[in-house]
$ cat input05.txt   # compact mmCIF, C-alpha atoms
# COMPACT_ATOMS: atom_id res chain seq x y z
CA MET A 17 118.05 80.78 89.13
CA PHE A 18 119.54 77.40 88.18
CA PRO A 19 120.47 76.08 84.73
CA ARG A 20 117.50 75.09 82.62
CA SER A 21 118.38 71.38 82.88
CA VAL A 22 118.18 71.58 86.70
CA HIS A 23 114.73 73.19 86.60
CA GLN A 24 113.57 70.54 84.13
CA THR A 25 114.84 67.79 86.44
CA ILE A 26 113.04 69.35 89.42
CA HIS A 27 109.91 69.75 87.28
CA PHE A 28 109.87 66.09 86.28
CA THR A 29 110.63 64.97 89.85
CA CYS A 30 107.63 66.97 91.08
CA LEU A 31 105.45 65.32 88.44
CA ALA A 32 106.66 61.85 89.44
CA VAL A 33 106.05 62.48 93.15
CA ALA A 34 102.64 63.98 92.33
CA ALA A 35 101.72 60.88 90.31
CA PHE A 36 102.77 58.61 93.18
CA SER A 37 100.95 60.64 95.84
CA MET A 38 97.56 60.82 94.07
CA PRO A 39 96.26 57.58 95.64
CA VAL A 40 98.41 57.90 98.77
CA SER A 41 98.31 61.44 100.18
CA VAL A 42 96.25 64.52 99.33
CA TRP A 43 98.56 66.69 101.41
CA LEU A 44 101.72 65.42 99.70
CA LEU A 45 100.07 66.08 96.35
CA SER A 46 99.30 69.66 97.39
CA ALA A 47 102.82 70.18 98.75
CA VAL A 48 104.54 68.91 95.62
CA SER A 49 102.17 71.03 93.51
CA ILE A 50 103.35 74.13 95.39
CA ALA A 51 106.99 73.04 94.95
CA GLY A 52 106.45 72.60 91.22
CA LEU A 53 104.81 76.01 90.95
CA VAL A 54 107.72 77.66 92.80
CA ASN A 55 110.21 75.90 90.50
CA TRP A 56 108.21 77.09 87.49
CA ILE A 57 108.43 80.71 88.70
CA LEU A 58 112.15 80.51 89.56
CA GLY A 59 112.85 79.03 86.15
CA GLY A 60 112.18 82.44 84.61
CA GLY A 61 110.77 83.23 81.20
CA ILE A 62 107.33 83.86 82.68
CA PHE A 63 106.06 85.92 79.74
CA LYS A 64 107.26 83.33 77.27
CA LYS A 65 105.51 80.60 79.27
CA LEU A 66 102.30 82.62 79.46
CA GLY A 67 102.53 83.06 75.71
CA VAL A 68 102.59 79.29 75.32
CA LEU A 69 99.51 79.03 77.55
CA SER A 70 97.63 81.59 75.47
CA GLN A 71 98.14 79.38 72.41
CA ARG A 72 96.74 76.33 74.21
CA ARG A 73 93.14 77.29 74.85
CA GLU A 74 92.22 73.85 76.17
CA ILE A 75 94.49 74.57 79.15
CA LEU A 76 92.62 77.79 79.89
CA VAL A 77 89.42 75.75 80.09
CA LEU A 78 91.02 73.56 82.77
CA LEU A 79 91.98 76.67 84.73
CA LEU A 80 88.30 77.58 84.95
CA LEU A 81 87.82 74.56 87.24
CA PHE A 82 90.08 76.20 89.81
CA GLY A 83 88.37 79.54 89.18
CA MET A 84 85.07 77.98 90.27
CA TYR A 85 86.47 77.48 93.78
CA LEU A 86 87.76 81.06 93.88
CA LEU A 87 84.27 82.34 93.05
CA TRP A 88 82.86 80.06 95.75
CA LEU A 89 85.01 81.93 98.30
CA LEU A 90 83.03 85.11 97.67
CA ASN A 91 79.82 83.58 99.02
CA THR A 92 80.99 81.36 101.87
CA SER A 93 80.57 81.78 105.60
CA ASP A 94 83.13 79.07 106.40
CA LEU A 95 86.42 80.65 105.37
CA VAL A 96 88.52 78.00 107.12
CA GLY A 97 86.73 75.21 105.28
CA ALA A 98 87.05 77.08 102.00
CA VAL A 99 90.81 77.50 102.41
CA HIS A 100 91.06 73.79 103.28
CA GLU A 101 89.25 72.87 100.07
CA LEU A 102 91.46 75.21 98.04
CA LYS A 103 94.57 73.48 99.35
CA ILE A 104 93.18 70.16 98.18
CA LYS A 105 92.32 71.63 94.77
CA LEU A 106 95.77 73.18 94.22
CA PRO A 107 96.66 70.48 91.64
CA LEU A 108 93.91 71.93 89.41
CA LEU A 109 96.04 75.08 89.27
CA PHE A 110 99.42 73.36 89.16
CA PHE A 111 98.89 70.88 86.37
CA PRO A 112 97.39 73.12 83.67
CA ILE A 113 99.76 76.07 84.19
CA VAL A 114 103.03 74.31 84.94
CA ILE A 115 102.72 71.28 82.68
CA GLY A 116 101.04 73.18 79.86
CA SER A 117 103.84 75.74 79.58
CA SER A 118 106.83 73.47 80.26
CA PHE A 119 108.89 71.20 78.03
CA THR A 120 107.07 68.45 76.15
CA ILE A 121 107.06 65.09 77.92
CA THR A 122 108.56 62.25 75.88
CA LYS A 123 107.22 58.69 75.74
CA ARG A 124 110.00 57.62 78.09
CA HIS A 125 108.99 60.30 80.59
CA LEU A 126 105.35 59.24 80.25
CA ARG A 127 106.21 55.62 81.07
CA LEU A 128 108.17 56.71 84.14
CA LEU A 129 105.22 58.82 85.33
CA LEU A 130 102.87 55.88 84.82
CA PHE A 131 105.25 53.61 86.74
CA SER A 132 105.24 56.12 89.60
CA PHE A 133 101.44 56.34 89.58
CA ILE A 134 101.03 52.54 89.48
CA ALA A 135 103.48 52.26 92.39
CA GLY A 136 101.32 54.67 94.41
CA CYS A 137 98.21 52.63 93.59
CA ALA A 138 100.05 49.45 94.60
CA VAL A 139 100.94 51.01 97.98
CA ALA A 140 97.31 52.04 98.58
CA VAL A 141 96.04 48.58 97.59
CA SER A 142 98.66 46.77 99.71
CA ALA A 143 97.70 48.86 102.74
CA GLY A 144 94.04 48.03 102.11
CA TYR A 145 94.73 44.30 101.93
CA LEU A 146 96.78 44.51 105.15
CA ALA A 147 93.85 46.27 106.83
CA MET A 148 91.49 43.59 105.52
CA ALA A 149 93.72 40.90 107.01
CA GLY A 150 93.86 42.71 110.35
CA ILE A 151 97.60 43.39 110.08
CA TRP A 152 97.31 47.14 109.53
CA PRO A 153 96.21 48.70 112.86
CA VAL A 154 92.93 50.26 111.71
CA GLU A 155 89.29 49.34 112.32
CA VAL A 156 87.45 48.21 109.19
CA ASP A 157 83.68 48.43 109.68
CA ASP A 158 82.82 49.12 106.06
CA SER A 159 84.32 48.39 102.65
CA ARG A 160 85.07 52.10 102.28
CA ASP A 161 87.42 51.85 105.27
CA LEU A 162 89.81 49.88 103.04
CA ALA A 163 90.73 53.19 101.39
CA LEU A 164 93.19 54.29 104.08
CA PHE A 165 94.70 57.39 102.51
CA VAL A 166 92.09 59.03 100.27
CA GLN A 167 88.31 58.82 99.89
CA ALA A 168 87.04 55.48 98.61
CA ILE A 169 85.31 56.94 95.54
CA ARG A 170 88.47 58.87 94.61
CA LEU A 171 90.62 55.78 95.07
CA SER A 172 88.27 53.70 92.92
CA VAL A 173 88.57 56.18 90.04
CA LEU A 174 92.36 56.33 90.38
CA LEU A 175 92.57 52.54 90.53
CA ASN A 176 90.77 52.29 87.20
CA PHE A 177 93.41 54.49 85.61
CA GLY A 178 96.15 52.47 87.34
CA ILE A 179 94.67 49.12 86.26
CA PHE A 180 94.42 49.98 82.59
CA SER A 181 97.75 51.84 82.58
CA ALA A 182 99.46 48.74 83.98
CA PHE A 183 97.61 46.57 81.47
CA TRP A 184 98.64 48.82 78.56
CA LEU A 185 102.29 48.83 79.68
CA SER A 186 102.25 45.03 80.04
CA LEU A 187 101.27 44.69 76.37
CA ASP A 188 103.86 47.19 75.11
CA ARG A 189 107.17 45.51 74.28
CA GLN A 190 108.98 48.82 74.70
CA THR A 191 108.11 48.74 78.40
CA GLY A 192 111.02 46.41 79.14
CA ARG A 193 111.72 42.81 80.00
CA VAL A 194 109.07 40.13 79.96
CA SER A 195 109.39 39.73 83.74
CA LEU A 196 108.54 43.41 84.25
CA ARG A 197 105.53 43.14 81.96
CA ILE A 198 104.30 40.06 83.84
CA ILE A 199 104.60 41.96 87.13
CA LEU A 200 102.57 44.83 85.65
CA ALA A 201 99.86 42.44 84.44
CA ALA A 202 99.71 40.75 87.85
CA THR A 203 99.54 44.16 89.54
CA ALA A 204 96.60 45.12 87.31
CA VAL A 205 94.74 41.94 88.32
CA VAL A 206 95.40 42.49 92.05
CA MET A 207 94.21 46.10 91.81
CA ALA A 208 91.08 44.98 89.95
CA PHE A 209 90.20 42.52 92.74
CA PHE A 210 90.73 45.24 95.32
CA LEU A 211 88.49 47.60 93.33
CA PHE A 212 85.61 45.15 93.71
CA ASN A 213 86.39 44.77 97.43
CA LEU A 214 85.90 48.53 97.79
CA LEU A 215 82.29 48.06 96.60
CA SER A 216 82.33 51.48 94.95
CA VAL A 217 79.51 51.55 92.41
CA THR A 218 81.18 54.40 90.54
CA GLY A 219 84.48 52.52 90.35
CA VAL A 220 82.89 49.25 89.23
CA VAL A 221 80.79 50.94 86.53
CA ILE A 222 83.84 52.79 85.19
CA PHE A 223 85.79 49.53 85.22
CA MET A 224 83.14 47.66 83.23
CA ILE A 225 82.90 50.48 80.67
CA LEU A 226 86.68 50.67 80.25
CA LEU A 227 87.04 46.88 80.13
CA GLY A 228 84.33 46.53 77.50
CA GLY A 229 85.61 49.49 75.46
CA THR A 230 89.19 48.22 75.59
CA GLY A 231 88.09 44.74 74.60
CA LEU A 232 86.06 45.97 71.62
CA HIS A 233 88.90 48.23 70.47
CA MET A 234 91.43 45.40 70.64
CA ALA A 235 89.05 42.91 69.02
CA MET A 236 88.68 45.19 66.00
CA GLN A 237 92.44 45.62 65.66
CA GLY A 238 94.76 43.18 63.92
CA GLU A 239 96.99 42.62 66.95
CA ASN A 240 95.81 41.21 70.29
CA ARG A 241 92.43 40.30 68.80
CA ARG A 242 92.06 37.24 71.02
CA THR A 243 92.85 39.29 74.11
CA GLY A 244 90.21 41.80 73.03
CA VAL A 245 87.59 39.07 72.69
CA VAL A 246 88.47 37.72 76.15
CA LEU A 247 88.18 41.19 77.69
CA SER A 248 84.83 41.81 75.97
CA VAL A 249 83.45 38.50 77.23
CA ALA A 250 84.78 39.25 80.73
CA ALA A 251 83.11 42.67 80.71
CA ALA A 252 79.81 41.14 79.60
CA ALA A 253 80.07 38.44 82.29
CA ILE A 254 80.81 40.97 85.03
CA MET A 255 77.92 43.15 83.89
CA ALA A 256 75.52 40.19 83.83
CA ALA A 257 76.67 39.06 87.29
CA SER A 258 76.25 42.60 88.64
CA VAL A 259 72.70 42.79 87.30
CA LEU A 260 71.82 39.42 88.86
CA ILE A 261 73.29 40.48 92.21
CA MET A 262 71.35 43.76 92.15
CA ILE A 263 68.11 41.90 91.33
CA SER A 264 68.78 39.49 94.19
CA MET A 265 69.53 42.34 96.61
CA TRP A 266 66.39 44.21 95.53
CA GLY A 267 64.34 41.07 96.14
CA SER A 268 65.83 40.52 99.61
CA LEU A 269 65.10 44.13 100.52
CA HIS A 270 61.48 44.06 99.41
CA ASN A 271 60.40 40.49 100.13
CA PRO A 272 60.65 38.95 103.60
CA ASP A 273 62.31 35.56 103.13
CA ASP A 274 61.93 33.86 106.52
CA PRO A 275 58.35 33.17 107.67
CA ASN A 276 59.57 32.14 111.15
CA SER A 277 61.35 35.43 111.90
CA ASN A 278 58.65 37.50 110.20
CA GLY A 279 55.63 35.87 111.85
CA LEU A 280 53.72 37.94 114.42
CA ARG A 281 54.25 36.90 118.04
CA SER A 282 52.03 37.85 120.95
CA MET A 283 54.21 37.68 124.09
CA THR A 284 57.89 37.64 125.01
CA LEU A 285 59.47 34.92 127.14
CA SER A 286 59.21 37.35 130.07
CA GLY A 287 55.45 37.65 129.61
CA ASN A 288 55.35 41.13 128.04
CA HIS A 289 53.36 41.96 124.92
CA TYR A 290 54.99 42.57 121.55
CA THR A 291 54.00 45.61 119.48
CA HIS A 292 53.60 45.34 115.71
CA TYR A 293 53.51 47.99 112.99
CA PRO A 294 52.34 46.01 109.93
CA GLU A 295 52.04 49.17 107.84
CA GLU A 296 55.84 49.61 108.07
CA THR A 297 57.51 47.41 105.47
CA TYR A 298 61.16 48.25 106.12
CA LEU A 299 63.44 45.23 105.90
CA GLU A 300 66.88 44.37 107.24
CA ASN A 301 68.51 41.29 105.72
CA GLY A 302 65.06 40.10 104.60
CA ASN A 303 63.50 40.57 108.05
CA LEU A 304 60.70 43.02 108.83
CA VAL A 305 61.95 45.69 111.23
CA TRP A 306 58.78 46.91 112.92
CA ILE A 307 57.18 43.68 114.12
CA ASN A 308 57.76 41.75 117.36
CA VAL A 309 59.00 44.85 119.18
CA CYS A 310 58.95 45.14 122.97
CA GLU A 311 60.53 48.51 123.74
CA GLU A 312 60.02 48.12 127.47
CA GLU A 313 62.38 45.14 127.54
CA LEU A 314 64.73 46.70 124.98
CA ARG A 315 65.11 49.86 127.06
CA THR A 316 65.75 48.01 130.33
CA GLU A 317 68.20 45.48 128.93
CA TRP A 318 70.04 47.99 126.75
CA ASN A 319 70.56 50.44 129.61
CA ARG A 320 71.97 47.54 131.60
CA ARG A 321 74.42 46.58 128.84
CA SER A 322 75.52 50.03 127.67
CA SER A 323 76.47 53.39 129.18
CA MET A 324 74.59 55.14 126.36
CA SER A 325 70.90 55.71 127.08
CA TYR A 326 68.36 53.82 125.01
CA ASP A 327 66.58 57.12 124.29
CA SER A 328 69.74 59.00 123.22
CA LEU A 329 71.46 59.38 119.86
CA ASP A 330 74.22 57.10 118.65
CA HIS A 331 77.63 58.38 117.57
CA THR A 332 76.40 59.01 114.01
CA GLY A 333 73.51 61.20 115.19
CA ASN A 334 70.72 58.65 114.67
CA GLU A 335 68.20 57.53 117.30
CA LEU A 336 69.91 54.72 119.19
CA ARG A 337 66.62 52.84 119.73
CA VAL A 338 66.05 52.73 115.97
CA THR A 339 69.61 51.59 115.33
CA LEU A 340 69.20 48.84 117.93
CA ILE A 341 65.89 47.64 116.51
CA ARG A 342 67.30 47.58 112.97
CA TYR A 343 70.43 45.75 114.14
CA ILE A 344 68.45 43.04 115.91
CA SER A 345 66.16 42.75 112.88
CA TYR A 346 69.21 42.18 110.68
CA ILE A 347 70.25 39.28 112.92
CA GLY A 348 66.72 37.87 112.72
CA TYR A 349 65.72 37.96 116.39
CA PRO A 350 62.50 39.29 117.95
CA LYS A 351 63.17 42.71 119.48
CA ASP A 352 63.16 41.90 123.21
CA SER A 353 65.45 41.50 126.22
CA VAL A 354 66.65 38.06 125.11
CA ALA A 355 67.94 39.53 121.85
CA VAL A 356 69.80 42.36 123.61
CA SER A 357 71.33 40.01 126.18
CA SER A 358 72.62 37.78 123.37
CA LEU A 359 74.51 40.66 121.71
CA SER A 360 78.28 40.50 121.97
CA LYS A 361 80.46 43.37 123.18
CA LYS A 362 81.40 44.01 119.56
CA ASP A 363 77.69 44.20 118.62
CA ILE A 364 77.12 46.79 121.34
CA GLU A 365 80.03 48.88 120.04
CA ASN A 366 78.70 48.65 116.48
CA ILE A 367 75.25 49.83 117.56
CA GLU A 368 76.70 52.70 119.58

$ encode --input "input05.txt" --output "structure tokens"
Amino acid sequence: MFPRSVHQTIHFTCLAVAAFSMPVSVWLLSAVSIAGLVNWILGGGIFKKLGVLSQRREILVLLLLFGMYLLWLLNTSDLVGAVHELKIKLPLLFFPIVIGSSFTITKRHLRLLLFSFIAGCAVAVSAGYLAMAGIWPVEVDDSRDLALFVQAIRLSVLLNFGIFSAFWLSLDRQTGRVSLRIILAATAVVMAFFLFNLLSVTGVVIFMILLGGTGLHMAMQGENRRTGVVLSVAAAAIMAASVLIMISMWGSLHNPDDPNSNGLRSMTLSGNHYTHYPEETYLENGNLVWINVCEEELRTEWNRRSSMSYDSLDHTGNELRVTLIRYISYIGYPKDSVAVSSLSKKDIENIE
């Protein structure tokens, strides 16, 4: 339809926008994938392109990933949900077919694509930091809420690629000026800090593996050997710290640490009897959940403080009474009317 050079320009533009949108917008990624596929068709030479695909069998294997979702359609009762998932998975169709049969990407093109991807990661991270600071108008109740545009686990995986891409570009003199390489290195560090703020186990494990592997590879090479040693030591230190933190968390979950809050009490300040379930060993923040419980007072005081019934379900579908008891246990109070009356409005909203 257009000259070949125009179609190639559109093709590369679609790739650059797709790279940017990966950590920013699933819908934009799907839209640009469709645009790239349309451009690929209008570019003509379909049979020649298919011939190229037939010679690249590894691409056909990637296409099977999209075929899995097509087979899933045959046995689904939720057609709307299936179509929604297919829209999200469109890149699995776009990238193998369009990229695999188009012109070969040069090193310069690859750098530009990586710059675009890193820019998208930087936008996602900046938005997350703004949300953490309370500047971005969103409610952050959990570390996963810092991923504003895509799922936290997906963002953590993408950030790993962005971190090490930025690090690699910062070491490559062909990237450009020293100032640009310093900015890339600083961006990698900022993204790494944000990755740990996400508290994604998958992301952190991938980061440690990549950091250690990169460090060992560089340490065994002639150039950047010192940097490789530093990265290897950093990976070992992070891994050791993670193990110590997990051991500490396991201990706090399985060993009550405050005898005062975990001692059995007989009566509340209002003169009602506490109920204890010593066979239940569940802990919240090191405090036993099912001791010092007076549900009579909890029910009365909660129904006075909240429009949601004590015996109803909370907004996540769990028993509200259980959520309340666990919440008060986390704070370290006996489960009675005094504890409920001391809860702030924000605490009530969190429990609901």

$ atom_distance --input "input05.txt" --atom1 "CA of Ile341 in chain A" --atom2 "CA of Ser216 in chain A"
27.4 Å

$ atom_distance --input "input05.txt" --atom1 "CA of Asn55 in chain A" --atom2 "CA of Leu80 in chain A"
22.7 Å

$ axis_aligned_box --input "input05.txt" --around "range 25-36 of chain A" --padding-each-side "8 Å" --output "AutoDock Vina command-line options"
--center_x 108.3 --center_y 64.2 --center_z 89.7 --size_x 29.1 --size_y 27.1 --size_z 22.9

$ closest_residue --input "input05.txt" --among "A:Cys137, A:Val205, A:Ile347, A:Val154" --to "Gly302 in chain A" --atoms "only C-alpha atoms"
A:Ile347

$ closest_residue --input "input05.txt" --among "A:Phe28, A:Phe212, A:Phe177, A:Tyr290" --to "Leu129 in chain A" --atoms "all atoms listed in the file"
A:Phe28

$ closest_residue --input "input05.txt" --among "A:Met84, A:Ala235, A:Ile134, A:Met224" --to "Ile199 in chain A" --atoms "only C-alpha atoms"
A:Ile134

$ residues_around --input "input05.txt" --residues "Gly178 in chain A" --least-positions-apart "5" --cutoff "12 Å" --atoms "all atoms listed in the file" --output "PyMOL selection string"
chain A and resi 35-36+38-39+129-141+171-173+183-185+200-201+203-208+211+223+226

$ atom_distance --input "input05.txt" --atom1 "CA of Cys30 in chain A" --atom2 "CA of Val166 in chain A"
19.7 Å

$ residues_around --input "input05.txt" --residues "range 196-198 of chain A" --least-positions-apart "5" --cutoff "8 Å" --atoms "only C-alpha atoms" --output "VMD selection string"
chain A and resid 185 to 187 191

$ residues_around --input "input05.txt" --residues "Trp318 in chain A" --least-positions-apart "4" --cutoff "8 Å" --atoms "all atoms listed in the file" --output "MDAnalysis selection string"
chainID A and resid 314 322 325:326 353 356

$ residues_around --input "input05.txt" --residues "Val309 in chain A" --least-positions-apart "5" --cutoff "10 Å" --atoms "all atoms listed in the file" --output "MDAnalysis selection string"
chainID A and resid 280:281 283:284 289:293 314 341 345 350:352
